[in-house]
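Asks: Structure provided below as structure tokens; questions to follow.
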Amino acid sequence: MIKIILGILLFAIATAIIYAWGYVNSQRNSQKLQYKFKNLVKNKIIAILKNNNKVERKKLESAIEGLEVKGGFFSGISYKVTDPEKILESILYELERKNIIKIIAIERKVIKYKFLSKSLL
């Protein structure tokens with residue numbers, strides 16, 4: 001009788017531990033996916049700026065539009081660029097603040113960017 005109760009108790013403890021691990025892991029998955037999404041967009045922007053001497057903001061917007069990052073196979077979470085203006089604004093600000101890129105011209109709402117240094121990445 002004691003073996004049965006002990007078995008049930010150990011099974012309940014093991015189930016609770018596995019449930020807690022899965023819950024914490026699912027919370028971290030969303031954060032990891034956001035980080036992965038931001039890095040994907042940032043790397044795409046840097047690659048374009050490395051290949052071209054001067055790049056207009058509109059070209060960067062069209063390049064990142066539609067980029068997508070998906071979570072694990074059963075998570076169902078995915079991030080996709082639907083509004084490239086907002087995402088581009090925050091990432092370009094971050095890259096400019098870290099002196100990775102530089103605004104070189106602002107003419108009639110046309111903003112051009114230039115890649116500065118490879119050593120800062």
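Quick note on naming: the chains in the structure tokens go A, B, ... in the order shown, residues restart at 1 in each chain, and ligands are numbered from 1 in order of appearance.
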Residues of region 1-113 of chain A classed as alpha helix (DSSP H) by DSSP on the backbone are to be reported as a ChimeraX atom specification.
Replies: /A:2-51,57-64,84-97
Asks: When you draw a straight line from CA of Arg57 (chain A) to CA of Ile77 (chain A), how long is it in Å?
Replies: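 Taking CA of Arg57 (chain A) and CA of Ile77 (chain A), their separation equals 28.7 Å.
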Asks: Which of these residues is nearest to Leu67 (chain A), using only C-alpha atoms: A:Ala47, A:Ile91, A:Val55, A:Val41?
Replies: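 Among the listed residues, the smallest separation from Leu67 (chain A) belongs to A:Val41.
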Asks: Which residues of region 4-87 of chain A come within 12 Å of region 102-107 of chain A, and what is each one's closest atom pair and distance in Å (one decimal), counting only C-alpha atoms, sorted by chain and residue number, as a Markdown table?
Replies:
```
| residue | atom | partner | partner_atom | distance |
| --- | --- | --- | --- | --- |
| A:Ile46 | CA | A:Lys102 | CA | 11.7 |
| A:Leu49 | CA | A:Lys102 | CA | 10.4 |
| A:Asn53 | CA | A:Ile104 | CA | 10.6 |
| A:Lys54 | CA | A:Ile104 | CA | 8.1 |
| A:Val55 | CA | A:Ile104 | CA | 9.6 |
| A:Glu56 | CA | A:Ala105 | CA | 9.2 |
| A:Arg57 | CA | A:Ile103 | CA | 10.1 |
```
Asks: Please, could you write that set of residues out with N, CA and C atoms as a PDB file, in the first residue's frame?
Replies:
```pdb
ATOM      1  N   ILE A  46      22.643  45.417 -42.480  1.00  0.00           N
ATOM      2  CA  ILE A  46      24.103  45.559 -42.533  1.00  0.00           C
ATOM      3  C   ILE A  46      24.657  44.957 -43.817  1.00  0.00           C
ATOM      4  N   LEU A  49      24.025  47.410 -46.608  1.00  0.00           N
ATOM      5  CA  LEU A  49      24.892  48.572 -46.491  1.00  0.00           C
ATOM      6  C   LEU A  49      26.351  48.242 -46.817  1.00  0.00           C
ATOM      7  N   ASN A  53      27.488  51.460 -51.399  1.00  0.00           N
ATOM      8  CA  ASN A  53      28.133  52.591 -50.735  1.00  0.00           C
ATOM      9  C   ASN A  53      27.110  53.476 -50.027  1.00  0.00           C
ATOM     10  N   LYS A  54      26.047  53.834 -50.729  1.00  0.00           N
ATOM     11  CA  LYS A  54      24.975  54.644 -50.159  1.00  0.00           C
ATOM     12  C   LYS A  54      23.654  53.941 -50.422  1.00  0.00           C
ATOM     13  N   VAL A  55      22.798  53.908 -49.422  1.00  0.00           N
ATOM     14  CA  VAL A  55      21.517  53.235 -49.573  1.00  0.00           C
ATOM     15  C   VAL A  55      20.412  54.153 -49.061  1.00  0.00           C
ATOM     16  N   GLU A  56      19.347  54.248 -49.834  1.00  0.00           N
ATOM     17  CA  GLU A  56      18.192  55.031 -49.413  1.00  0.00           C
ATOM     18  C   GLU A  56      17.318  54.212 -48.475  1.00  0.00           C
ATOM     19  N   ARG A  57      16.600  54.930 -47.643  1.00  0.00           N
ATOM     20  CA  ARG A  57      15.736  54.286 -46.648  1.00  0.00           C
ATOM     21  C   ARG A  57      14.655  53.427 -47.315  1.00  0.00           C
TER      22      ARG A  57
END
```
Asks: Would you kindly return, as a VMD selection string, each protein, DNA or RNA residue with an atom no farther than 6 Å from any atom of Ile101 (chain A), considering only C-alpha atoms and excluding same-chain residues fewer than 4 positions away?
Replies: chain A and resid 95 to 96 114 to 116
